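Here is the structure we will look at.
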Amino acid sequence: MASEGGKIDPMHQFMIEPIAPLNLAGYDISFTNSSLFMILVMATIWVFMLGGMKREMVPGRWQAAVEGVNGFINDMVSTSVGPEGKKYVPLVFSLFMFILVANFMGMMPFGIVPGVHAFTVTSHLTVTAVLAILSFGTVLVVGLWKHKLHFFSLFVPHGTPWWLMWLIPFIELFSFLIRPFSLALRLFVAMTAGHVLMKVLAGFVINGLNADAAWVAPVVSLPSFILMIGITMLELLVCAIQAYVFALLTSLYINDAVNLH
Amino acid sequence: MPQISQILATYASQFFWLLIVFGLIYFVIGRGILPRVDATVDARDAKIAGDLAAAEQARAEASDLEGAWQAELTQTRAAAQAEAQKAKAKAQKDAVSRIAKADAEIAAKTADAEAVIAKARAKALSGIDGVAADAAQDIVAKVSGIKVTPAQAAQAVKTVLANG
């Protein structure tokens with residue numbers, strides 16, 4: 001992407017560049033390429049969901065696809081949480097769809113248009129952290145609201161022997177508190193690493209073709225290109241898996257909050 | 001890594017726009033559109049379940065109807081059979097009584113005829129006695145010239161016939 005002096009920087013794709021500078025109460029809330037892609041993601045989800053609003057008795061392909069996603073999330077939440085999970089479906093659905101579409105949006109070949117760069121919203125720690133905090137915060141609020149102080153019995157699993165009481169609650173508390181970090185870092189690292197790998201391989205292809213020595217192109221560029229195809233497939237899979245993992249873990253954590261252990 | 005090196009410069013913008021966008025997704029799409037999609041699916045499921053129940057009910061009704069029809073058919077057939085049996089029995093009884101009557105009539109006629117025959121036979125037999133006596137009287141007169149009285153002839157004939 002950014003080839004300055006023939007060098008391709010695999011990190012440049014993560015740069016946030018302001019499009020329209022904005023300032024609110026001393027905070028810089030500029031409209032950036034990141035914001036643009038967030039809005040693009042939202043618009044895509046919205047257009048997709050509108051296809052499910054035809055509300056026909058016999059669904060067309062599009063409506064069937066929307067209802068398929070809806071059924072997928074419904075099943076996931078009801079399997080994890082049970083019948084009480086119905087009211088958390090919008091949250092899990094929003095998280096899943098936002099992450100899935102943002103991941104895929106970052107994989108779109110917008111780069112074929114000169115000057116346009118794809119941006120992966122979910123490769124940013126700031127974004128994944130907010131999503132993880134939303135997920136974790138929901139668990140905390142729901143758990144404390146529903147069970148009051150009894151919620152803390154979550155840290156004492158059933159059947160803990162009395163002589164381990166000094167240890168198990170601390171391990172449980174730690175595993176509970178680590179959740180938002182693992183949620184945020186898993187998504188951030190998976191998306192960043194995948195995109196860096198793709199960009200490095202793509203750099204091999206381009207630099208190999210541009211090399212002065214004629215033997216470099218078939219020896220370096222061709223294998224890199226073939227590997228690139230495989231890595232791209234893998235990345236598409238990772239995009240879907242990461243969205244699924246995030247949504248599944250969120251519903252499992254909500255299950256802890258709703259049903260305790 | 002721009003995610004970390006830019007974090008202080010961009011976090012406010014990232015948070016601001018993400019919260020707006022995710023809020024819109026959650027409230028407009030998650031809470032606005034999704035339940036309607038869900039309602040459509042539920043309505044379809046309910047309709048399918050209702051249709052299946054209606055079909056099942058119709059099937060049960062048809063089955064009941066067929067059962068009733070079958071039972072009626074069986075009953076009608078049994079009634080027809082009983083009627084036929086009754087008619088047959090009555091016809092048999094009639095035939096038997098008619099045969100008996102005819103037998104009696106025939107027997108009476110036979111008895112009458114036999115009586116007539118016996119009378120004729122007796123009459124014929126007594127006639128023969130007289131003829132034989134006359135013949136014997138004539139034969140005796142012609143052969144021996146002895147006059148035999150009719151009473152003697154008759155006595156002789158009777159003796160011969162009784163021995164013969």
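Identifiers in the structure tokens: chain A, B, ... in order shown; residue index from 1 per chain; ligand index from 1 in order shown.
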Requested in this report: Write out as a list of chain:residue names each polymer residue whose atoms come within 10 Å of Ile45 (chain A), counting only C-alpha atoms; drop sequence neighbours fewer than 3 positions from it.
Outcome: A:Ile39, A:Leu40, A:Val41, A:Met42, A:Phe48, A:Met49, A:Leu50, A:Ser94, A:Met97, A:Phe98, A:Leu100, A:Val101, A:Ala102, B:Ile25, B:Ile29
Only residues of chain B matter here; which ones have an atom within 12 Å of chain A, counting only C-alpha atoms? Give them as a compact mmCIF listing (two decimals) with all heavy atoms, in the first residue's frame.
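Result file is iface-v6.txt:
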```txt
# COMPACT_ATOMS: atom_id res chain seq x y z
N MET B 1 3.63 -0.18 15.36
CA MET B 1 2.22 -0.61 15.35
C MET B 1 1.31 0.58 15.61
O MET B 1 1.24 1.09 16.74
CB MET B 1 2.02 -1.69 16.43
CG MET B 1 0.69 -2.39 16.31
SD MET B 1 0.54 -3.73 17.49
CE MET B 1 0.99 -5.10 16.47
N PRO B 2 0.60 1.06 14.57
CA PRO B 2 -0.21 2.28 14.74
C PRO B 2 -1.31 2.12 15.79
O PRO B 2 -1.70 3.12 16.40
CB PRO B 2 -0.83 2.49 13.35
CG PRO B 2 -0.02 1.64 12.42
CD PRO B 2 0.53 0.52 13.22
N GLN B 3 -1.77 0.88 15.98
CA GLN B 3 -2.85 0.68 16.97
C GLN B 3 -2.42 1.18 18.35
O GLN B 3 -3.23 1.61 19.15
CB GLN B 3 -3.22 -0.81 17.09
CG GLN B 3 -3.92 -1.35 15.88
CD GLN B 3 -2.97 -2.10 14.98
OE1 GLN B 3 -1.88 -1.60 14.70
NE2 GLN B 3 -3.38 -3.25 14.51
N ILE B 4 -1.12 1.03 18.65
CA ILE B 4 -0.62 1.43 19.96
C ILE B 4 0.03 2.82 19.90
O ILE B 4 -0.20 3.66 20.78
CB ILE B 4 0.34 0.36 20.50
CG1 ILE B 4 -0.47 -0.91 20.80
CG2 ILE B 4 1.04 0.85 21.77
CD1 ILE B 4 0.35 -2.12 21.07
N SER B 5 0.79 3.07 18.84
CA SER B 5 1.47 4.36 18.78
C SER B 5 0.48 5.50 18.59
O SER B 5 0.73 6.62 19.03
CB SER B 5 2.52 4.34 17.66
OG SER B 5 1.89 4.07 16.43
N GLN B 6 -0.66 5.22 17.93
CA GLN B 6 -1.64 6.30 17.69
C GLN B 6 -2.72 6.36 18.76
O GLN B 6 -3.64 7.15 18.66
CB GLN B 6 -2.35 6.04 16.35
CG GLN B 6 -1.55 6.48 15.12
CD GLN B 6 -2.41 6.43 13.89
OE1 GLN B 6 -3.13 5.45 13.70
NE2 GLN B 6 -2.35 7.44 13.06
N ILE B 7 -2.60 5.46 19.74
CA ILE B 7 -3.75 5.26 20.63
C ILE B 7 -4.15 6.53 21.37
O ILE B 7 -5.34 6.83 21.49
CB ILE B 7 -3.46 4.09 21.60
CG1 ILE B 7 -4.77 3.50 22.14
CG2 ILE B 7 -2.58 4.51 22.77
CD1 ILE B 7 -4.62 2.13 22.73
N LEU B 8 -3.18 7.31 21.81
CA LEU B 8 -3.50 8.52 22.56
C LEU B 8 -4.15 9.57 21.67
O LEU B 8 -5.02 10.31 22.09
CB LEU B 8 -2.24 9.09 23.22
CG LEU B 8 -1.80 8.34 24.47
CD1 LEU B 8 -0.52 8.93 25.02
CD2 LEU B 8 -2.90 8.38 25.52
N ALA B 9 -3.74 9.59 20.41
CA ALA B 9 -4.26 10.60 19.50
C ALA B 9 -5.65 10.23 18.99
O ALA B 9 -6.43 11.11 18.62
CB ALA B 9 -3.31 10.77 18.32
N THR B 10 -5.98 8.94 18.94
CA THR B 10 -7.20 8.54 18.24
C THR B 10 -8.26 7.92 19.15
O THR B 10 -9.37 7.67 18.69
CB THR B 10 -6.87 7.53 17.14
OG1 THR B 10 -6.22 6.40 17.74
CG2 THR B 10 -5.97 8.12 16.08
N TYR B 11 -7.91 7.63 20.42
CA TYR B 11 -8.89 6.86 21.20
C TYR B 11 -10.24 7.57 21.31
O TYR B 11 -11.29 6.94 21.23
CB TYR B 11 -8.32 6.52 22.59
CG TYR B 11 -8.32 7.67 23.57
CD1 TYR B 11 -9.38 7.82 24.46
CD2 TYR B 11 -7.29 8.60 23.59
CE1 TYR B 11 -9.40 8.87 25.35
CE2 TYR B 11 -7.30 9.66 24.46
CZ TYR B 11 -8.35 9.79 25.35
OH TYR B 11 -8.38 10.84 26.23
N ALA B 12 -10.22 8.89 21.45
CA ALA B 12 -11.48 9.62 21.62
C ALA B 12 -12.36 9.47 20.38
O ALA B 12 -13.54 9.15 20.47
CB ALA B 12 -11.19 11.08 21.89
N SER B 13 -11.73 9.65 19.24
CA SER B 13 -12.48 9.52 17.99
C SER B 13 -12.99 8.10 17.80
O SER B 13 -14.14 7.89 17.43
CB SER B 13 -11.58 9.93 16.82
OG SER B 13 -11.93 9.24 15.66
N GLN B 14 -12.12 7.12 18.12
CA GLN B 14 -12.52 5.72 17.97
C GLN B 14 -13.72 5.40 18.86
O GLN B 14 -14.71 4.83 18.42
CB GLN B 14 -11.35 4.80 18.34
CG GLN B 14 -10.22 4.79 17.35
CD GLN B 14 -10.52 3.92 16.14
OE1 GLN B 14 -11.30 4.31 15.29
NE2 GLN B 14 -9.90 2.76 16.08
N PHE B 15 -13.60 5.78 20.15
CA PHE B 15 -14.68 5.51 21.11
C PHE B 15 -15.96 6.20 20.66
O PHE B 15 -17.03 5.58 20.63
CB PHE B 15 -14.29 6.02 22.51
CG PHE B 15 -13.23 5.19 23.18
CD1 PHE B 15 -12.69 5.58 24.40
CD2 PHE B 15 -12.76 4.01 22.60
CE1 PHE B 15 -11.71 4.81 25.02
CE2 PHE B 15 -11.79 3.25 23.21
CZ PHE B 15 -11.25 3.65 24.42
N PHE B 16 -15.83 7.47 20.30
CA PHE B 16 -17.01 8.26 19.94
C PHE B 16 -17.77 7.63 18.78
O PHE B 16 -18.96 7.35 18.87
CB PHE B 16 -16.56 9.69 19.59
CG PHE B 16 -17.66 10.58 19.13
CD1 PHE B 16 -18.54 11.14 20.05
CD2 PHE B 16 -17.82 10.89 17.79
CE1 PHE B 16 -19.56 11.97 19.63
CE2 PHE B 16 -18.85 11.71 17.37
CZ PHE B 16 -19.72 12.26 18.28
N TRP B 17 -17.03 7.36 17.71
CA TRP B 17 -17.71 6.84 16.52
C TRP B 17 -18.18 5.39 16.71
O TRP B 17 -19.24 5.02 16.23
CB TRP B 17 -16.81 6.95 15.29
CG TRP B 17 -16.65 8.38 14.87
CD1 TRP B 17 -15.59 9.19 15.09
CD2 TRP B 17 -17.63 9.18 14.20
NE1 TRP B 17 -15.83 10.45 14.59
CE2 TRP B 17 -17.08 10.47 14.04
CE3 TRP B 17 -18.92 8.95 13.72
CZ2 TRP B 17 -17.76 11.51 13.42
CZ3 TRP B 17 -19.61 9.97 13.10
CH2 TRP B 17 -19.03 11.24 12.96
N LEU B 18 -17.38 4.62 17.44
CA LEU B 18 -17.81 3.24 17.68
C LEU B 18 -19.09 3.20 18.51
O LEU B 18 -20.01 2.44 18.21
CB LEU B 18 -16.71 2.44 18.39
CG LEU B 18 -17.09 0.99 18.67
CD1 LEU B 18 -17.33 0.23 17.38
CD2 LEU B 18 -16.04 0.27 19.50
N LEU B 19 -19.14 4.05 19.55
CA LEU B 19 -20.34 4.03 20.39
C LEU B 19 -21.57 4.48 19.59
O LEU B 19 -22.65 3.91 19.74
CB LEU B 19 -20.14 4.91 21.63
CG LEU B 19 -19.19 4.26 22.65
CD1 LEU B 19 -18.95 5.19 23.83
CD2 LEU B 19 -19.76 2.94 23.15
N ILE B 20 -21.39 5.49 18.73
CA ILE B 20 -22.52 5.92 17.89
C ILE B 20 -22.96 4.79 16.97
O ILE B 20 -24.13 4.40 16.91
CB ILE B 20 -22.14 7.17 17.07
CG1 ILE B 20 -22.08 8.38 17.99
CG2 ILE B 20 -23.13 7.39 15.93
CD1 ILE B 20 -21.73 9.66 17.26
N VAL B 21 -21.96 4.21 16.27
CA VAL B 21 -22.28 3.19 15.28
C VAL B 21 -22.85 1.95 15.95
O VAL B 21 -23.89 1.42 15.55
CB VAL B 21 -21.02 2.84 14.46
CG1 VAL B 21 -21.21 1.55 13.70
CG2 VAL B 21 -20.69 3.97 13.50
N PHE B 22 -22.18 1.50 17.03
CA PHE B 22 -22.66 0.28 17.68
C PHE B 22 -24.01 0.52 18.36
O PHE B 22 -24.88 -0.36 18.34
CB PHE B 22 -21.64 -0.23 18.69
CG PHE B 22 -21.93 -1.64 19.13
CD1 PHE B 22 -21.56 -2.69 18.30
CD2 PHE B 22 -22.59 -1.90 20.30
CE1 PHE B 22 -21.84 -3.99 18.66
CE2 PHE B 22 -22.88 -3.20 20.67
CZ PHE B 22 -22.50 -4.25 19.85
N GLY B 23 -24.18 1.72 18.89
CA GLY B 23 -25.49 2.06 19.47
C GLY B 23 -26.59 1.99 18.43
O GLY B 23 -27.66 1.43 18.67
N LEU B 24 -26.31 2.53 17.25
CA LEU B 24 -27.31 2.48 16.17
C LEU B 24 -27.59 1.03 15.78
O LEU B 24 -28.74 0.63 15.59
CB LEU B 24 -26.82 3.27 14.96
CG LEU B 24 -26.96 4.79 15.06
CD1 LEU B 24 -26.32 5.46 13.86
CD2 LEU B 24 -28.43 5.19 15.14
N ILE B 25 -26.49 0.25 15.66
CA ILE B 25 -26.68 -1.16 15.28
C ILE B 25 -27.53 -1.86 16.33
O ILE B 25 -28.48 -2.58 16.02
CB ILE B 25 -25.32 -1.88 15.12
CG1 ILE B 25 -24.59 -1.35 13.89
CG2 ILE B 25 -25.52 -3.38 14.99
CD1 ILE B 25 -23.22 -1.94 13.70
N TYR B 26 -27.21 -1.61 17.63
CA TYR B 26 -27.93 -2.31 18.70
C TYR B 26 -29.40 -1.88 18.76
O TYR B 26 -30.29 -2.73 18.77
CB TYR B 26 -27.25 -2.05 20.04
CG TYR B 26 -27.95 -2.72 21.19
CD1 TYR B 26 -27.83 -4.09 21.39
CD2 TYR B 26 -28.73 -2.00 22.07
CE1 TYR B 26 -28.47 -4.72 22.43
CE2 TYR B 26 -29.38 -2.62 23.13
CZ TYR B 26 -29.24 -3.98 23.30
OH TYR B 26 -29.88 -4.59 24.33
N PHE B 27 -29.63 -0.55 18.73
CA PHE B 27 -31.01 -0.10 18.96
C PHE B 27 -31.86 -0.17 17.70
O PHE B 27 -33.02 -0.56 17.77
CB PHE B 27 -31.02 1.32 19.54
CG PHE B 27 -30.61 1.35 20.98
CD1 PHE B 27 -29.37 1.83 21.36
CD2 PHE B 27 -31.46 0.85 21.96
CE1 PHE B 27 -28.97 1.83 22.69
CE2 PHE B 27 -31.08 0.84 23.29
CZ PHE B 27 -29.83 1.33 23.65
N VAL B 28 -31.27 0.20 16.55
CA VAL B 28 -32.09 0.22 15.33
C VAL B 28 -32.20 -1.18 14.72
O VAL B 28 -33.29 -1.65 14.40
CB VAL B 28 -31.49 1.21 14.30
CG1 VAL B 28 -32.27 1.13 12.99
CG2 VAL B 28 -31.51 2.62 14.86
N ILE B 29 -31.05 -1.86 14.62
CA ILE B 29 -31.08 -3.16 13.96
C ILE B 29 -31.40 -4.27 14.96
O ILE B 29 -32.31 -5.06 14.77
CB ILE B 29 -29.75 -3.41 13.22
CG1 ILE B 29 -29.58 -2.39 12.10
CG2 ILE B 29 -29.71 -4.82 12.66
CD1 ILE B 29 -28.26 -2.42 11.40
N GLY B 30 -30.63 -4.30 16.06
CA GLY B 30 -30.81 -5.38 17.03
C GLY B 30 -32.17 -5.37 17.69
O GLY B 30 -32.80 -6.41 17.86
N ARG B 31 -32.63 -4.15 18.10
CA ARG B 31 -33.90 -4.10 18.82
C ARG B 31 -35.05 -3.70 17.91
O ARG B 31 -36.21 -3.88 18.28
CB ARG B 31 -33.83 -3.08 19.96
CG ARG B 31 -32.69 -3.32 20.88
CD ARG B 31 -33.06 -2.90 22.27
NE ARG B 31 -32.90 -4.02 23.15
CZ ARG B 31 -33.31 -4.02 24.42
NH1 ARG B 31 -33.93 -2.98 24.91
NH2 ARG B 31 -33.13 -5.07 25.18
N GLY B 32 -34.75 -3.14 16.73
CA GLY B 32 -35.83 -2.69 15.84
C GLY B 32 -36.16 -3.71 14.78
O GLY B 32 -37.31 -4.13 14.65
N ILE B 33 -35.13 -4.13 14.04
CA ILE B 33 -35.40 -4.99 12.88
C ILE B 33 -35.43 -6.45 13.31
O ILE B 33 -36.31 -7.21 12.89
CB ILE B 33 -34.33 -4.76 11.79
CG1 ILE B 33 -34.41 -3.32 11.28
CG2 ILE B 33 -34.49 -5.75 10.66
CD1 ILE B 33 -33.43 -3.00 10.19
N LEU B 34 -34.47 -6.83 14.16
CA LEU B 34 -34.33 -8.25 14.51
C LEU B 34 -35.61 -8.87 15.08
O LEU B 34 -36.00 -9.95 14.64
CB LEU B 34 -33.16 -8.42 15.48
CG LEU B 34 -32.66 -9.85 15.63
CD1 LEU B 34 -32.08 -10.34 14.32
CD2 LEU B 34 -31.59 -9.92 16.72
N PRO B 35 -36.30 -8.21 16.04
CA PRO B 35 -37.52 -8.83 16.56
C PRO B 35 -38.57 -9.06 15.49
O PRO B 35 -39.32 -10.03 15.56
CB PRO B 35 -38.01 -7.82 17.61
CG PRO B 35 -36.80 -7.07 18.00
CD PRO B 35 -35.96 -6.99 16.77
N ARG B 36 -38.59 -8.18 14.48
CA ARG B 36 -39.59 -8.36 13.42
C ARG B 36 -39.26 -9.56 12.56
O ARG B 36 -40.14 -10.31 12.16
CB ARG B 36 -39.65 -7.11 12.55
CG ARG B 36 -40.23 -5.95 13.33
CD ARG B 36 -40.73 -4.89 12.41
NE ARG B 36 -40.33 -3.58 12.89
CZ ARG B 36 -40.52 -2.47 12.20
NH1 ARG B 36 -41.06 -2.53 11.01
NH2 ARG B 36 -40.16 -1.31 12.70
N VAL B 37 -37.95 -9.73 12.30
CA VAL B 37 -37.52 -10.94 11.58
C VAL B 37 -37.91 -12.17 12.38
O VAL B 37 -38.46 -13.14 11.86
CB VAL B 37 -35.99 -10.91 11.33
CG1 VAL B 37 -35.52 -12.22 10.75
CG2 VAL B 37 -35.62 -9.76 10.41
N ASP B 38 -37.64 -12.07 13.69
CA ASP B 38 -37.97 -13.16 14.60
C ASP B 38 -39.47 -13.45 14.58
O ASP B 38 -39.89 -14.60 14.55
CB ASP B 38 -37.53 -12.76 16.01
CG ASP B 38 -36.99 -13.95 16.77
OD1 ASP B 38 -36.39 -14.83 16.12
OD2 ASP B 38 -37.17 -14.00 18.00
N ALA B 39 -40.25 -12.34 14.60
CA ALA B 39 -41.71 -12.50 14.61
C ALA B 39 -42.18 -13.19 13.34
O ALA B 39 -43.08 -14.03 13.37
CB ALA B 39 -42.38 -11.14 14.75
N THR B 40 -41.54 -12.83 12.19
CA THR B 40 -41.91 -13.47 10.94
C THR B 40 -41.64 -14.97 11.01
O THR B 40 -42.48 -15.78 10.63
CB THR B 40 -41.09 -12.87 9.78
OG1 THR B 40 -41.15 -11.45 9.88
CG2 THR B 40 -41.62 -13.33 8.44
N VAL B 41 -40.46 -15.30 11.55
CA VAL B 41 -40.11 -16.73 11.66
C VAL B 41 -41.11 -17.43 12.58
O VAL B 41 -41.62 -18.51 12.26
CB VAL B 41 -38.67 -16.88 12.19
CG1 VAL B 41 -38.35 -18.34 12.42
CG2 VAL B 41 -37.68 -16.28 11.21
N ASP B 42 -41.40 -16.78 13.72
CA ASP B 42 -42.34 -17.39 14.67
C ASP B 42 -43.70 -17.56 14.03
O ASP B 42 -44.34 -18.60 14.20
CB ASP B 42 -42.46 -16.50 15.92
CG ASP B 42 -41.21 -16.61 16.79
OD1 ASP B 42 -40.39 -17.50 16.51
OD2 ASP B 42 -41.07 -15.81 17.73
N ALA B 43 -44.15 -16.50 13.29
CA ALA B 43 -45.47 -16.58 12.65
C ALA B 43 -45.49 -17.74 11.67
O ALA B 43 -46.47 -18.50 11.60
CB ALA B 43 -45.77 -15.27 11.93
N ARG B 44 -44.38 -17.90 10.92
CA ARG B 44 -44.34 -18.99 9.94
C ARG B 44 -44.37 -20.34 10.65
O ARG B 44 -45.12 -21.22 10.27
CB ARG B 44 -43.09 -18.88 9.09
CG ARG B 44 -43.01 -19.98 8.06
CD ARG B 44 -41.76 -19.93 7.23
NE ARG B 44 -41.52 -18.59 6.69
CZ ARG B 44 -40.44 -17.89 6.94
NH1 ARG B 44 -39.50 -18.40 7.69
NH2 ARG B 44 -40.30 -16.72 6.41
N ASP B 45 -43.57 -20.44 11.74
CA ASP B 45 -43.56 -21.70 12.49
C ASP B 45 -44.95 -22.01 13.02
O ASP B 45 -45.42 -23.15 12.95
CB ASP B 45 -42.56 -21.61 13.65
CG ASP B 45 -41.12 -21.66 13.15
OD1 ASP B 45 -40.95 -21.90 11.94
OD2 ASP B 45 -40.20 -21.44 13.95
N ALA B 46 -45.61 -20.95 13.58
CA ALA B 46 -46.95 -21.16 14.13
C ALA B 46 -47.90 -21.59 13.03
O ALA B 46 -48.73 -22.50 13.22
CB ALA B 46 -47.44 -19.86 14.78
N LYS B 47 -47.77 -20.94 11.86
CA LYS B 47 -48.67 -21.27 10.74
C LYS B 47 -48.46 -22.73 10.31
O LYS B 47 -49.42 -23.47 10.10
CB LYS B 47 -48.38 -20.32 9.58
CG LYS B 47 -49.14 -20.61 8.31
CD LYS B 47 -50.19 -19.54 8.06
CE LYS B 47 -50.83 -19.69 6.67
NZ LYS B 47 -51.52 -20.96 6.51
N ILE B 48 -47.18 -23.11 10.21
CA ILE B 48 -46.89 -24.48 9.80
C ILE B 48 -47.44 -25.46 10.82
O ILE B 48 -48.09 -26.46 10.47
CB ILE B 48 -45.36 -24.67 9.62
CG1 ILE B 48 -44.89 -23.90 8.38
CG2 ILE B 48 -45.00 -26.14 9.48
CD1 ILE B 48 -43.40 -23.82 8.22
```
**Report entry** Non-local contacts of Ser224 (chain A) (9 Å; only C-alpha atoms; under 2 positions in same chain excluded) as a list in words
**Finding:**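 These residues fall inside the cut-off: Leu201, Ala202, Phe204, Val205, Val219, Val220, Ser221, Leu222, Ile226, Leu227, Met228 and Ile229 of chain A.
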Report task. Would you work out the distance separating CA of Leu209 (chain A) from CA of Ile8 (chain A), expressed in Å to one decimal? Result ->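 Separating CA of Leu209 (chain A) from CA of Ile8 (chain A) is a distance of 13.5 Å.
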Report task. Choose the residue, out of A:Val69, A:Ile133, A:Met105, A:Leu140, that has the smallest atom-to-atom separation from Phe152 (chain A); count only C-alpha atoms. Result ->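 Residue with the minimum atom-to-atom distance to Phe152 (chain A): A:Leu140.
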May I have a table of the residues of region 1-120 of chain B lying at most 12 Å from region 125-145 of chain B, giving each one's closest pair of atoms and their distance in Å to one decimal, counting only C-alpha atoms, ordered by chain and ascending residue number, as a Markdown table?
```
| residue | atom | partner | partner_atom | distance |
| --- | --- | --- | --- | --- |
| B:Ile117 | CA | B:Leu125 | CA | 11.9 |
| B:Ala118 | CA | B:Leu125 | CA | 10.2 |
| B:Lys119 | CA | B:Leu125 | CA | 9.7 |
| B:Ala120 | CA | B:Leu125 | CA | 8.4 |
```
Those residues with all heavy atoms, as a PDB file, in the first residue's frame please?
```pdb
ATOM      1  N   ILE B 117    -110.074-100.981  -6.100  1.00  0.00           N
ATOM      2  CA  ILE B 117    -109.510-102.191  -6.730  1.00  0.00           C
ATOM      3  C   ILE B 117    -109.913-103.424  -5.944  1.00  0.00           C
ATOM      4  O   ILE B 117    -110.343-104.440  -6.510  1.00  0.00           O
ATOM      5  CB  ILE B 117    -107.976-102.068  -6.827  1.00  0.00           C
ATOM      6  CG1 ILE B 117    -107.587-101.026  -7.900  1.00  0.00           C
ATOM      7  CG2 ILE B 117    -107.336-103.414  -7.177  1.00  0.00           C
ATOM      8  CD1 ILE B 117    -106.158-100.589  -7.841  1.00  0.00           C
ATOM      9  N   ALA B 118    -109.771-103.342  -4.598  1.00  0.00           N
ATOM     10  CA  ALA B 118    -110.113-104.504  -3.765  1.00  0.00           C
ATOM     11  C   ALA B 118    -111.564-104.906  -3.944  1.00  0.00           C
ATOM     12  O   ALA B 118    -111.881-106.101  -4.049  1.00  0.00           O
ATOM     13  CB  ALA B 118    -109.821-104.151  -2.305  1.00  0.00           C
ATOM     14  N   LYS B 119    -112.420-103.864  -4.015  1.00  0.00           N
ATOM     15  CA  LYS B 119    -113.856-104.135  -4.186  1.00  0.00           C
ATOM     16  C   LYS B 119    -114.086-104.838  -5.527  1.00  0.00           C
ATOM     17  O   LYS B 119    -114.774-105.893  -5.595  1.00  0.00           O
ATOM     18  CB  LYS B 119    -114.642-102.812  -4.143  1.00  0.00           C
ATOM     19  CG  LYS B 119    -115.830-102.900  -3.186  1.00  0.00           C
ATOM     20  CD  LYS B 119    -116.292-101.519  -2.729  1.00  0.00           C
ATOM     21  CE  LYS B 119    -117.309-100.928  -3.682  1.00  0.00           C
ATOM     22  NZ  LYS B 119    -117.607 -99.522  -3.248  1.00  0.00           N
ATOM     23  N   ALA B 120    -113.442-104.311  -6.539  1.00  0.00           N
ATOM     24  CA  ALA B 120    -113.611-104.894  -7.879  1.00  0.00           C
ATOM     25  C   ALA B 120    -113.108-106.334  -7.898  1.00  0.00           C
ATOM     26  O   ALA B 120    -113.717-107.231  -8.493  1.00  0.00           O
ATOM     27  CB  ALA B 120    -112.841-104.044  -8.891  1.00  0.00           C
TER      28      ALA B 120
END
```
**Report entry** Filtered DSSP result for region 50-250 of chain A, state alpha helix (DSSP H), as a VMD selection string
**Finding:** chain A and resid 50 61 to 80 89 to 107 125 to 147 168 to 177 179 to 210 216 222 to 250
Requested in this report: Excluding Ala190 (chain A) and residues on its chain fewer than 2 positions from it, collect all residues at most 12 Å away from it, counting only C-alpha atoms, and give them as a VMD selection string.
Outcome: chain A and resid 103 120 122 to 125 128 182 to 188 192 to 197 234 to 243 245 to 246
Requested in this report: Have a look at A:Ile73, A:Met233, A:Val116, A:Leu154 and name the one nearest to Phe174 (chain A); count only C-alpha atoms.
Outcome: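 Comparing A:Ile73, A:Met233, A:Val116, A:Leu154 against Phe174 (chain A), the winner is A:Leu154.
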